[in-house]
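Undergrad: Provided herewith: start-v1.cif, mmCIF, C-alpha atoms and all ligand atoms.
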```
data_query
#
loop_
_atom_site.group_PDB
_atom_site.id
_atom_site.type_symbol
_atom_site.label_atom_id
_atom_site.label_comp_id
_atom_site.auth_asym_id
_atom_site.auth_seq_id
_atom_site.Cartn_x
_atom_site.Cartn_y
_atom_site.Cartn_z
ATOM 1 C CA MET P 796 78.435 63.075 23.406
ATOM 2 C CA LEU P 797 75.413 61.338 21.887
ATOM 3 C CA HIS P 798 74.721 57.731 22.653
ATOM 4 C CA VAL P 799 71.671 56.090 21.075
ATOM 5 C CA GLU P 800 70.837 52.779 22.715
ATOM 6 C CA ASN P 801 68.199 50.366 21.383
ATOM 7 C CA VAL P 802 65.777 53.135 20.499
ATOM 8 C CA THR P 803 62.508 51.696 19.197
ATOM 9 C CA LYS P 804 59.245 53.202 18.009
ATOM 10 C CA ILE P 805 56.257 50.964 17.381
ATOM 11 C CA PHE P 806 53.184 52.192 15.477
ATOM 12 C CA GLY P 807 50.490 49.503 15.752
ATOM 13 C CA GLN P 808 52.153 46.414 14.260
ATOM 14 C CA THR P 809 55.035 48.295 12.653
ATOM 15 C CA ALA P 810 58.417 48.970 14.198
ATOM 16 C CA ALA P 811 59.127 52.299 12.494
ATOM 17 C CA VAL P 812 62.483 52.378 14.287
ATOM 18 C CA ASP P 813 63.743 49.016 15.472
ATOM 19 C CA ASN P 814 66.462 48.870 18.146
ATOM 20 C CA ALA P 815 68.574 51.657 16.698
ATOM 21 C CA SER P 816 71.959 52.114 18.375
ATOM 22 C CA PHE P 817 74.935 54.325 17.523
ATOM 23 C CA THR P 818 77.310 56.769 19.162
ATOM 24 C CA ILE P 819 78.563 60.171 18.061
ATOM 25 C CA ASP P 820 81.553 61.018 20.203
ATOM 26 C CA ARG P 821 82.518 64.383 18.749
ATOM 27 C CA PRO P 822 80.741 67.036 16.664
ATOM 28 C CA ALA P 823 80.039 65.570 13.236
ATOM 29 C CA MET P 824 77.940 65.938 10.142
ATOM 30 C CA VAL P 825 75.948 62.736 9.826
ATOM 31 C CA GLY P 826 73.633 61.757 6.980
ATOM 32 C CA ILE P 827 70.819 59.245 7.357
ATOM 33 C CA ILE P 828 69.750 57.511 4.171
ATOM 34 C CA GLY P 829 67.226 54.827 3.316
ATOM 35 C CA ARG P 830 64.185 54.315 1.196
ATOM 36 C CA SER P 831 60.785 55.819 1.918
ATOM 37 C CA GLY P 832 59.328 54.424 5.147
ATOM 38 C CA ALA P 833 62.710 53.273 6.528
ATOM 39 C CA GLY P 834 62.177 55.260 9.745
ATOM 40 C CA LYS P 835 64.414 58.295 9.130
ATOM 41 C CA SER P 836 61.877 60.972 10.091
ATOM 42 C CA THR P 837 60.573 58.971 13.032
ATOM 43 C CA PHE P 838 64.098 58.770 14.400
ATOM 44 C CA LEU P 839 64.687 62.528 14.161
ATOM 45 C CA ARG P 840 61.265 63.231 15.670
ATOM 46 C CA MET P 841 62.062 61.050 18.675
ATOM 47 C CA MET P 842 65.380 62.752 19.092
ATOM 48 C CA ASN P 843 63.715 66.162 19.124
ATOM 49 C CA ARG P 844 60.942 64.776 21.373
ATOM 50 C CA LEU P 845 58.235 65.607 18.858
ATOM 51 C CA THR P 846 57.183 61.985 19.278
ATOM 52 C CA ASP P 847 57.792 59.640 22.223
ATOM 53 C CA ALA P 848 59.937 56.545 21.820
ATOM 54 C CA THR P 849 58.444 53.170 22.723
ATOM 55 C CA SER P 850 61.683 52.039 24.373
ATOM 56 C CA GLY P 851 65.414 52.669 24.507
ATOM 57 C CA ARG P 852 67.729 55.382 25.752
ATOM 58 C CA LEU P 853 69.103 58.445 24.034
ATOM 59 C CA MET P 854 71.920 59.831 26.141
ATOM 60 C CA PHE P 855 73.208 63.318 25.395
ATOM 61 C CA ASN P 856 76.142 64.389 27.568
ATOM 62 C CA GLY P 857 75.011 61.955 30.247
ATOM 63 C CA THR P 858 71.283 62.778 30.294
ATOM 64 C CA ASP P 859 68.609 60.498 28.848
ATOM 65 C CA ILE P 860 66.701 62.991 26.757
ATOM 66 C CA LEU P 861 63.845 60.521 26.212
ATOM 67 C CA GLN P 862 62.948 60.938 29.910
ATOM 68 C CA LEU P 863 62.850 64.753 29.976
ATOM 69 C CA LYS P 864 59.590 66.483 30.849
ATOM 70 C CA GLY P 865 58.200 70.020 30.935
ATOM 71 C CA ARG P 866 60.820 72.726 31.177
ATOM 72 C CA ASP P 867 63.744 70.310 30.761
ATOM 73 C CA LYS P 868 62.204 68.916 27.600
ATOM 74 C CA ARG P 869 61.774 72.429 26.180
ATOM 75 C CA ALA P 870 65.372 73.247 27.107
ATOM 76 C CA TRP P 871 66.473 70.170 25.154
ATOM 77 C CA GLN P 872 64.332 71.185 22.189
ATOM 78 C CA SER P 873 66.146 74.494 22.047
ATOM 79 C CA GLN P 874 69.513 72.660 22.240
ATOM 80 C CA CYS P 875 68.416 70.506 19.353
ATOM 81 C CA ALA P 876 66.963 72.636 16.565
ATOM 82 C CA MET P 877 64.993 71.127 13.723
ATOM 83 C CA ILE P 878 64.775 72.004 10.027
ATOM 84 C CA PHE P 879 62.095 70.555 7.755
ATOM 85 C CA GLN P 880 61.648 69.884 4.055
ATOM 86 C CA GLN P 881 58.811 72.424 3.868
ATOM 87 C CA PHE P 882 60.726 75.111 5.842
ATOM 88 C CA ASN P 883 57.814 75.597 8.336
ATOM 89 C CA LEU P 884 58.084 79.385 8.365
ATOM 90 C CA VAL P 885 55.176 81.734 9.078
ATOM 91 C CA PRO P 886 54.572 82.788 5.440
ATOM 92 C CA ARG P 887 52.996 86.190 5.999
ATOM 93 C CA MET P 888 55.435 87.254 8.698
ATOM 94 C CA ASP P 889 58.649 89.098 7.875
ATOM 95 C CA VAL P 890 61.923 87.207 7.700
ATOM 96 C CA VAL P 891 63.553 88.696 10.787
ATOM 97 C CA SER P 892 60.504 87.900 12.966
ATOM 98 C CA ASN P 893 60.572 84.343 11.663
ATOM 99 C CA VAL P 894 64.201 84.101 12.768
ATOM 100 C CA LEU P 895 63.412 85.617 16.172
ATOM 101 C CA HIS P 896 60.823 82.893 16.668
ATOM 102 C CA GLY P 897 63.800 80.597 17.259
ATOM 103 C CA LEU P 898 63.869 82.172 20.709
ATOM 104 C CA LEU P 899 60.289 81.156 21.569
ATOM 105 C CA ASN P 900 61.424 78.393 23.904
ATOM 106 C CA ARG P 901 63.542 80.889 25.825
ATOM 107 C CA ARG P 902 61.610 84.156 25.769
ATOM 108 C CA GLY P 903 58.009 83.056 26.328
ATOM 109 C CA THR P 904 55.020 84.171 24.312
ATOM 110 C CA LEU P 905 54.352 87.713 25.557
ATOM 111 C CA PRO P 906 57.124 89.599 23.761
ATOM 112 C CA THR P 907 56.485 87.395 20.748
ATOM 113 C CA LEU P 908 52.809 88.283 20.608
ATOM 114 C CA PHE P 909 53.580 91.971 20.528
ATOM 115 C CA ASN P 910 56.745 91.642 18.477
ATOM 116 C CA MET P 911 58.655 93.319 21.298
ATOM 117 C CA TRP P 912 62.091 91.871 20.820
ATOM 118 C CA PRO P 913 65.130 93.310 22.593
ATOM 119 C CA ALA P 914 67.379 95.232 20.171
ATOM 120 C CA ALA P 915 70.242 92.829 20.898
ATOM 121 C CA ASP P 916 68.136 89.879 19.698
ATOM 122 C CA ILE P 917 67.182 91.726 16.514
ATOM 123 C CA HIS P 918 70.829 92.542 15.790
ATOM 124 C CA ARG P 919 71.787 88.947 16.339
ATOM 125 C CA ALA P 920 69.042 87.764 13.997
ATOM 126 C CA ILE P 921 70.297 90.099 11.286
ATOM 127 C CA ASP P 922 73.905 89.007 11.820
ATOM 128 C CA ILE P 923 72.838 85.391 11.366
ATOM 129 C CA LEU P 924 70.907 86.264 8.188
ATOM 130 C CA ASP P 925 74.008 88.090 6.975
ATOM 131 C CA ARG P 926 76.142 85.033 7.615
ATOM 132 C CA LEU P 927 73.740 83.040 5.439
ATOM 133 C CA GLY P 928 73.870 85.678 2.711
ATOM 134 C CA ILE P 929 70.248 86.851 3.015
ATOM 135 C CA ALA P 930 70.398 89.919 5.291
ATOM 136 C CA GLU P 931 68.917 92.097 2.536
ATOM 137 C CA GLN P 932 65.743 89.973 2.695
ATOM 138 C CA ALA P 933 65.198 90.688 6.419
ATOM 139 C CA ALA P 934 62.158 92.971 6.043
ATOM 140 C CA LYS P 935 60.353 90.911 3.386
ATOM 141 C CA ARG P 936 57.574 88.477 4.086
ATOM 142 C CA ALA P 937 58.882 84.926 4.212
ATOM 143 C CA GLU P 938 56.478 83.874 1.436
ATOM 144 C CA ALA P 939 58.126 86.340 -0.970
ATOM 145 C CA LEU P 940 61.438 84.440 -0.879
ATOM 146 C CA SER P 941 62.624 81.596 -3.092
ATOM 147 C CA GLY P 942 62.694 78.096 -1.635
ATOM 148 C CA GLY P 943 66.449 78.200 -1.102
ATOM 149 C CA GLN P 944 66.190 81.541 0.665
ATOM 150 C CA GLN P 945 63.314 80.272 2.833
ATOM 151 C CA GLN P 946 65.343 77.249 3.879
ATOM 152 C CA ARG P 947 68.194 79.570 4.834
ATOM 153 C CA VAL P 948 65.719 81.568 6.963
ATOM 154 C CA ALA P 949 64.773 78.295 8.648
ATOM 155 C CA ILE P 950 68.472 77.602 9.283
ATOM 156 C CA ALA P 951 68.841 81.134 10.696
ATOM 157 C CA ARG P 952 65.884 80.474 13.008
ATOM 158 C CA ALA P 953 67.589 77.272 14.151
ATOM 159 C CA LEU P 954 70.888 79.123 14.759
ATOM 160 C CA MET P 955 69.051 81.743 16.810
ATOM 161 C CA GLN P 956 68.542 78.958 19.368
ATOM 162 C CA ASP P 957 72.328 78.491 19.477
ATOM 163 C CA PRO P 958 71.790 74.721 19.371
ATOM 164 C CA GLN P 959 74.439 72.052 19.899
ATOM 165 C CA VAL P 960 72.645 69.782 17.467
ATOM 166 C CA ILE P 961 70.745 70.601 14.279
ATOM 167 C CA LEU P 962 68.383 67.951 12.938
ATOM 168 C CA ALA P 963 67.394 68.367 9.310
ATOM 169 C CA ASP P 964 64.624 66.233 7.790
ATOM 170 C CA GLU P 965 65.247 66.184 4.023
ATOM 171 C CA PRO P 966 66.297 69.843 4.015
ATOM 172 C CA ILE P 967 66.824 69.990 0.249
ATOM 173 C CA ALA P 968 64.116 67.663 -1.033
ATOM 174 C CA SER P 969 61.978 70.602 -2.245
ATOM 175 C CA LEU P 970 64.803 72.583 -3.808
ATOM 176 C CA ASP P 971 66.324 72.766 -7.266
ATOM 177 C CA PRO P 972 69.958 71.577 -7.518
ATOM 178 C CA MET P 973 71.483 75.027 -7.240
ATOM 179 C CA ASN P 974 69.551 76.003 -4.130
ATOM 180 C CA ALA P 975 70.127 72.540 -2.706
ATOM 181 C CA GLN P 976 73.854 73.129 -2.962
ATOM 182 C CA VAL P 977 73.644 76.556 -1.299
ATOM 183 C CA VAL P 978 71.683 75.073 1.617
ATOM 184 C CA MET P 979 73.991 72.059 2.049
ATOM 185 C CA ASP P 980 77.059 74.323 1.859
ATOM 186 C CA ALA P 981 75.531 76.477 4.621
ATOM 187 C CA LEU P 982 74.917 73.450 6.847
ATOM 188 C CA ARG P 983 78.424 72.136 6.259
ATOM 189 C CA ARG P 984 79.938 75.528 7.111
ATOM 190 C CA ILE P 985 77.880 75.753 10.294
ATOM 191 C CA HIS P 986 79.195 72.360 11.320
ATOM 192 C CA GLU P 987 82.824 73.228 10.538
ATOM 193 C CA GLU P 988 82.925 76.775 11.866
ATOM 194 C CA ASP P 989 80.728 76.383 14.959
ATOM 195 C CA GLY P 990 81.399 72.747 15.823
ATOM 196 C CA ARG P 991 77.692 71.940 15.882
ATOM 197 C CA THR P 992 76.576 68.389 15.182
ATOM 198 C CA ILE P 993 74.274 68.080 12.204
ATOM 199 C CA ILE P 994 72.147 65.023 11.558
ATOM 200 C CA ALA P 995 70.365 65.199 8.225
ATOM 201 C CA ASN P 996 67.975 62.779 6.558
ATOM 202 C CA LEU P 997 68.948 62.909 2.915
ATOM 203 C CA HIS P 998 67.111 61.455 -0.029
ATOM 204 C CA THR P 999 70.035 61.345 -2.415
ATOM 205 C CA LEU P 1000 73.135 59.270 -2.068
ATOM 206 C CA ASP P 1001 75.477 61.745 -3.698
ATOM 207 C CA THR P 1002 74.529 64.493 -1.208
ATOM 208 C CA ALA P 1003 75.224 62.184 1.731
ATOM 209 C CA ARG P 1004 78.577 61.218 0.222
ATOM 210 C CA ARG P 1005 79.603 64.717 -0.623
ATOM 211 C CA TYR P 1006 78.718 66.540 2.589
ATOM 212 C CA CYS P 1007 78.775 64.052 5.451
ATOM 213 C CA ASP P 1008 81.630 62.656 7.534
ATOM 214 C CA ARG P 1009 79.535 59.673 8.347
ATOM 215 C CA VAL P 1010 76.494 58.001 6.843
ATOM 216 C CA ILE P 1011 73.916 55.849 8.612
ATOM 217 C CA GLY P 1012 71.767 53.620 6.427
ATOM 218 C CA MET P 1013 68.327 52.529 7.611
ATOM 219 C CA ARG P 1014 66.185 49.770 6.220
ATOM 220 C CA ALA P 1015 62.771 48.825 7.660
ATOM 221 C CA GLY P 1016 63.544 50.604 10.940
ATOM 222 C CA ARG P 1017 66.954 49.029 11.438
ATOM 223 C CA ILE P 1018 70.382 50.552 11.089
ATOM 224 C CA VAL P 1019 72.002 48.413 8.412
ATOM 225 C CA PHE P 1020 75.034 50.591 7.668
ATOM 226 C CA ASP P 1021 77.131 53.005 9.694
ATOM 227 C CA GLY P 1022 80.333 54.194 8.109
ATOM 228 C CA THR P 1023 82.229 56.756 6.075
ATOM 229 C CA PRO P 1024 81.256 57.877 2.560
ATOM 230 C CA ASP P 1025 84.183 55.775 1.270
ATOM 231 C CA GLN P 1026 82.684 52.635 2.755
ATOM 232 C CA LEU P 1027 79.346 53.400 1.145
ATOM 233 C CA THR P 1028 79.972 51.504 -2.064
ATOM 234 C CA THR P 1029 77.313 50.952 -4.730
ATOM 235 C CA SER P 1030 76.651 47.415 -3.521
ATOM 236 C CA VAL P 1031 76.273 48.604 0.084
ATOM 237 C CA ALA P 1032 73.871 51.312 -1.097
ATOM 238 C CA ARG P 1033 71.901 48.712 -3.031
ATOM 239 C CA GLU P 1034 71.526 46.710 0.181
ATOM 240 C CA ILE P 1035 70.382 49.760 2.154
ATOM 241 C CA TYR P 1036 67.750 50.684 -0.389
ATOM 242 C CA GLY P 1037 66.719 47.086 -0.964
ATOM 243 C CA ALA P 1038 67.076 47.666 -4.688
ATOM 244 C CA GLY P 1039 67.952 45.195 -7.408
ATOM 245 C CA ALA P 1040 70.530 45.227 -10.164
ATOM 246 C CA GLU P 1041 68.902 48.284 -11.759
ATOM 247 C CA PHE P 1042 70.203 50.425 -8.897
ATOM 248 C CA ARG P 1043 72.478 53.285 -9.911
ATOM 249 C CA GLU P 1044 74.413 55.894 -7.946
ATOM 250 C CA GLU P 1045 72.085 58.720 -8.967
ATOM 251 C CA ALA P 1046 69.150 56.981 -7.303
ATOM 252 C CA THR P 1047 67.057 58.618 -4.646
ATOM 253 C CA SER P 1048 64.680 57.047 -2.158
ATOM 254 C CA THR P 1049 61.842 58.610 -4.132
ATOM 255 C CA SER P 1050 62.885 57.203 -7.477
ATOM 256 C CA ILE P 1051 63.340 53.727 -6.038
ATOM 257 C CA ALA P 1052 59.918 53.811 -4.396
ATOM 258 C CA ALA P 1053 58.431 54.850 -7.734
ATOM 259 C CA LEU P 1054 60.310 52.135 -9.559
ATOM 260 C CA GLN P 1055 59.104 49.387 -7.284
ATOM 261 C CA SER P 1056 55.529 50.446 -6.677
ATOM 262 C CA ASN P 1057 54.367 50.964 -10.211
ATOM 263 C CA ASP P 1058 55.925 48.903 -12.927
ATOM 264 C CA ALA P 1059 55.537 49.752 -16.581
ATOM 265 C CA GLN P 1060 54.368 53.337 -16.332
ATOM 266 C CA ASN P 1061 56.897 54.454 -13.781
ATOM 267 C CA ARG P 1062 59.785 52.703 -15.424
ATOM 268 C CA THR P 1063 59.848 55.383 -18.047
ATOM 269 C CA PHE P 1064 59.819 58.056 -15.351
ATOM 270 C CA ALA P 1065 62.427 56.342 -13.189
ATOM 271 C CA GLY P 1066 64.486 55.534 -16.262
ATOM 272 C CA SER P 1067 65.385 59.177 -16.578
ATOM 273 C CA MET P 1068 67.035 59.048 -13.154
ATOM 274 C CA LEU P 1069 68.274 55.481 -13.170
ATOM 275 C CA SER P 1070 70.227 55.416 -16.403
ATOM 276 C CA ASP P 1071 71.155 52.076 -17.967
HETATM 277 N N1 LIG P 1101 52.160 58.769 12.966
HETATM 278 C C1 LIG P 1101 52.290 57.553 12.433
HETATM 279 N N2 LIG P 1101 51.358 56.587 12.611
HETATM 280 C C2 LIG P 1101 51.515 55.347 12.107
HETATM 281 N N3 LIG P 1101 52.577 54.967 11.376
HETATM 282 C C3 LIG P 1101 53.542 55.852 11.154
HETATM 283 C C4 LIG P 1101 53.457 57.195 11.665
HETATM 284 N N4 LIG P 1101 54.580 57.878 11.289
HETATM 285 C C5 LIG P 1101 55.307 56.996 10.565
HETATM 286 N N5 LIG P 1101 54.700 55.797 10.485
HETATM 287 C C6 LIG P 1101 55.227 54.593 9.816
HETATM 288 O O1 LIG P 1101 56.540 54.370 10.289
HETATM 289 C C7 LIG P 1101 57.403 53.970 9.237
HETATM 290 C C8 LIG P 1101 58.573 54.929 9.121
HETATM 291 O O2 LIG P 1101 58.102 56.184 8.664
HETATM 292 P P1 LIG P 1101 59.048 57.464 8.500
HETATM 293 O O3 LIG P 1101 58.192 58.601 8.157
HETATM 294 O O4 LIG P 1101 59.909 57.579 9.700
HETATM 295 O O5 LIG P 1101 59.939 57.013 7.256
HETATM 296 P P2 LIG P 1101 60.997 57.870 6.411
HETATM 297 O O6 LIG P 1101 62.240 57.051 6.334
HETATM 298 O O7 LIG P 1101 61.134 59.238 6.989
HETATM 299 O O8 LIG P 1101 60.329 57.913 4.970
HETATM 300 P P3 LIG P 1101 60.333 59.084 3.832
HETATM 301 O O9 LIG P 1101 61.644 58.918 3.087
HETATM 302 O O10 LIG P 1101 59.160 58.750 2.993
HETATM 303 O O11 LIG P 1101 60.221 60.399 4.533
HETATM 304 C C9 LIG P 1101 56.522 53.873 8.002
HETATM 305 O O12 LIG P 1101 56.095 52.537 7.867
HETATM 306 C C10 LIG P 1101 55.368 54.777 8.317
HETATM 307 O O13 LIG P 1101 54.214 54.375 7.634
HETATM 308 MG MG MG P 1102 60.755 61.125 6.224
#
```
When written as structure tokens, how does the structure in this file appear?
Ligand SMILES: Nc1ncnc2c1ncn2[C@@H]1O[C@H](COP(=O)(O)OP(=O)(O)OP(=O)(O)O)[C@@H](O)[C@H]1O
Ligand SMILES: [Mg+2]

TA:
Amino acid sequence: MLHVENVTKIFGQTAAVDNASFTIDRPAMVGIIGRSGAGKSTFLRMMNRLTDATSGRLMFNGTDILQLKGRDKRAWQSQCAMIFQQFNLVPRMDVVSNVLHGLLNRRGTLPTLFNMWPAADIHRAIDILDRLGIAEQAAKRAEALSGGQQQRVAIARALMQDPQVILADEPIASLDPMNAQVVMDALRRIHEEDGRTIIANLHTLDTARRYCDRVIGMRAGRIVFDGTPDQLTTSVAREIYGAGAEFREEATSTSIAALQSNDAQNRTFAGSMLSD
């Protein structure tokens, strides 16, 4: 289904993604983990064609999506929806219009400009919001919703595209634990019920373990682990994050970066997450 072959992205002197290769042969929920700067976002952005790869091939059902141009590239981008940490909604626009914007690649700008959506599209948008438990928010401005609700609107917008693949770049990094769970549960359900592949960059190990069938670990642009949550032992995780003996299961890429960049002061801060 998806075959990633030696995909590389060079920025100046840095290989942000360095010869990444892996295959997903059936719909799956895949987590990508690794410390800050490992190349997780760059990989997703290449996959969605938000940024061009320097070299490599990314075959999806037999087509190299890195070579697509114009209309074909836009068609791929609607097959491969993206969700971001900061939701990327239009804050002052109502929720249902935000969801309908998922159709932009298909419908063109004219109906969008005048908010002239076919009734069938509007009904579908509301059904999707209902599935995510937020139909009653449909008429509100996006900015009036909580973070967890906004991320569910972003998921609804992605589903409006009816994508085969959903890419999520740290979808819960801005949410409190309860909302994070609601959002991850929604993604998991979408994978299980619809058979869509979900690839999510995740900043905490326990989320990757709990929700994903498979975890890919990146370090300095390279894939250094590719396996099941069971195979992701503490010592493997320590290797992925490049952390020392102080590493604990509760660690996140953020807390490790803080720990290593700023000694004495941040140790107190990190100490609350990395218990002794
Ligand atoms: N537009 C850019 N120009 C130059 N360098 C970049 C650019 N985008 C990313 N990089 C570099 O590429 C590397 C990988 O960055 P990337 O954002 O993919 O990491 P990440 O794993 O998503 O990190 P984080 O967990 O902080 O989001 C880093 O060294 C980063 O500085
Ligand atoms: Mg990132």

Undergrad: Compute the set of protein, DNA and RNA residues whose minimum atom distance to ligand MG 1102 (chain P) is at most 12 Å, using all atoms listed in the file, and state it as JSON, numbers by chain.

TA: {"P": [811, 827, 828, 829, 830, 831, 832, 833, 834, 835, 836, 837, 838, 839, 840, 879, 880, 881, 963, 964, 965, 966, 968, 995, 996, 997, 998, 1013, 1016, 1048, 1049]}

Undergrad: So the first atom is CA of Asp1021 (chain P) and the second is CA of Cys1007 (chain P); what is the distance between them in Å, to one decimal place?

TA: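 According to the coordinates, CA of Asp1021 (chain P) and CA of Cys1007 (chain P) are separated by 11.9 Å.
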
Undergrad: What does the structure give for the distance between CA of Gly1022 (chain P) and CA of Leu845 (chain P), in Å to one decimal?

TA: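 Computing the Euclidean distance for CA of Gly1022 (chain P) and CA of Leu845 (chain P) yields 27.1 Å.
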
Undergrad: Thr803 (chain P): which residues within 8 Å, counting only C-alpha atoms, same-chain residues fewer than 6 positions away excluded, as a ChimeraX atom specification?

TA: /P:810-815,848-851

Undergrad: Between CA of Asn856 (chain P) and CA of Ala823 (chain P), what is the distance in Å, rounded to a tenth?

TA: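 Calculated distance between CA of Asn856 (chain P) and CA of Ala823 (chain P) is 14.9 Å.
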
Undergrad: Which one of P:Gln976, P:Leu853, P:Gly826, P:Gln932 sits closest to Leu1000 (chain P) if you count only C-alpha atoms?

TA: P:Gly826

Undergrad: When distances are computed from only C-alpha atoms and all ligand atoms, which of P:Asp847, P:Asp980, P:Asp925, P:Asp1001 shows the smallest separation from ligand LIG 1101 (chain P)?

TA: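 Among P:Asp847, P:Asp980, P:Asp925, P:Asp1001, it is P:Asp847 that comes nearest to ligand LIG 1101 (chain P).
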
Undergrad: Put the listed atoms of ligand LIG 1101 (chain P) in a box along x, y and z with 3 Å added on every side and give me the centre and edge lengths in Å to one decimal, as JSON.

TA:
```
{"center_x": 56.8, "center_y": 56.5, "center_z": 8.0, "size_x": 16.9, "size_y": 13.9, "size_z": 16.0}
```

Undergrad: Determine the nearest neighbour of ligand LIG 1101 (chain P) from the options P:Thr999, P:Gln956, P:Ser816, P:Gln944, counting all atoms listed in the file.

TA: P:Thr999

Undergrad: Translate the PyMOL selection byres (((chain P and resi 884-900) around 8) and not hetatm) into a concrete residue list for this structure, as a PDB file with C-alpha atoms, in the frame of the given file.

TA:
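Result written to expr-v8.pdb:
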```
ATOM      1  CA  ARG P 869      61.774  72.429  26.180  1.00  0.00           C
ATOM      2  CA  ALA P 870      65.372  73.247  27.107  1.00  0.00           C
ATOM      3  CA  GLN P 872      64.332  71.185  22.189  1.00  0.00           C
ATOM      4  CA  SER P 873      66.146  74.494  22.047  1.00  0.00           C
ATOM      5  CA  PHE P 882      60.726  75.111   5.842  1.00  0.00           C
ATOM      6  CA  ASN P 883      57.814  75.597   8.336  1.00  0.00           C
ATOM      7  CA  ARG P 901      63.542  80.889  25.825  1.00  0.00           C
ATOM      8  CA  ARG P 902      61.610  84.156  25.769  1.00  0.00           C
ATOM      9  CA  GLY P 903      58.009  83.056  26.328  1.00  0.00           C
ATOM     10  CA  THR P 904      55.020  84.171  24.312  1.00  0.00           C
ATOM     11  CA  THR P 907      56.485  87.395  20.748  1.00  0.00           C
ATOM     12  CA  ASN P 910      56.745  91.642  18.477  1.00  0.00           C
ATOM     13  CA  TRP P 912      62.091  91.871  20.820  1.00  0.00           C
ATOM     14  CA  ASP P 916      68.136  89.879  19.698  1.00  0.00           C
ATOM     15  CA  ILE P 917      67.182  91.726  16.514  1.00  0.00           C
ATOM     16  CA  ALA P 920      69.042  87.764  13.997  1.00  0.00           C
ATOM     17  CA  ILE P 921      70.297  90.099  11.286  1.00  0.00           C
ATOM     18  CA  GLN P 932      65.743  89.973   2.695  1.00  0.00           C
ATOM     19  CA  ALA P 933      65.198  90.688   6.419  1.00  0.00           C
ATOM     20  CA  ALA P 934      62.158  92.971   6.043  1.00  0.00           C
ATOM     21  CA  LYS P 935      60.353  90.911   3.386  1.00  0.00           C
ATOM     22  CA  ARG P 936      57.574  88.477   4.086  1.00  0.00           C
ATOM     23  CA  ALA P 937      58.882  84.926   4.212  1.00  0.00           C
ATOM     24  CA  GLU P 938      56.478  83.874   1.436  1.00  0.00           C
ATOM     25  CA  GLN P 945      63.314  80.272   2.833  1.00  0.00           C
ATOM     26  CA  VAL P 948      65.719  81.568   6.963  1.00  0.00           C
ATOM     27  CA  ALA P 949      64.773  78.295   8.648  1.00  0.00           C
ATOM     28  CA  ALA P 951      68.841  81.134  10.696  1.00  0.00           C
ATOM     29  CA  ARG P 952      65.884  80.474  13.008  1.00  0.00           C
ATOM     30  CA  ALA P 953      67.589  77.272  14.151  1.00  0.00           C
ATOM     31  CA  LEU P 954      70.888  79.123  14.759  1.00  0.00           C
ATOM     32  CA  MET P 955      69.051  81.743  16.810  1.00  0.00           C
ATOM     33  CA  GLN P 956      68.542  78.958  19.368  1.00  0.00           C
TER      34      GLN P 956
END
```

Undergrad: Counting only C-alpha atoms, what is within 9 Å of Asn843 (chain P), bar same-chain residues fewer than 5 positions away, as a list in words?

TA: Phe838, Ile860, Trp871, Gln872, Cys875, Ala876, Met877 and Leu962 of chain P

Undergrad: Please provide as a PyMOL selection string all residues within 12 Å of Val825 (chain P), with the sequence filter that same-chain residues fewer than 2 positions apart are discarded (counting all atoms listed in the file).

TA: chain P and resi 817-823+827-828+960-963+982-983+986+991-997+1002-1012+1021-1024

Undergrad: P:His798, P:Ala915, P:Ile878, P:Gln808: which is nearest Thr858 (chain P), counting only C-alpha atoms?

TA: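 Of the candidates, the smallest distance to Thr858 (chain P) is held by P:His798.
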
Undergrad: Could you tell me which of P:Leu797, P:Ile967, P:Ala975, P:Gly807 comes closest to ligand LIG 1101 (chain P) if we count only C-alpha atoms and all ligand atoms?

TA: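 Distance minimum relative to ligand LIG 1101 (chain P) lands on P:Gly807.
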
Undergrad: Exactly which residues make up the result of the PyMOL selection byres (((chain P and resi 974) around 10) and not hetatm) on this file, given as a ChimeraX atom specification?

TA: /P:941-944,946-947,967,969-973,975-980

Undergrad: In terms of the shortest atom-to-atom distance over all atoms listed in the file, which of P:Ala939, P:Ala1015, P:Phe1042, P:Arg1033 is closest to ligand LIG 1101 (chain P)?

TA: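 The closest residue to ligand LIG 1101 (chain P) is P:Ala1015.
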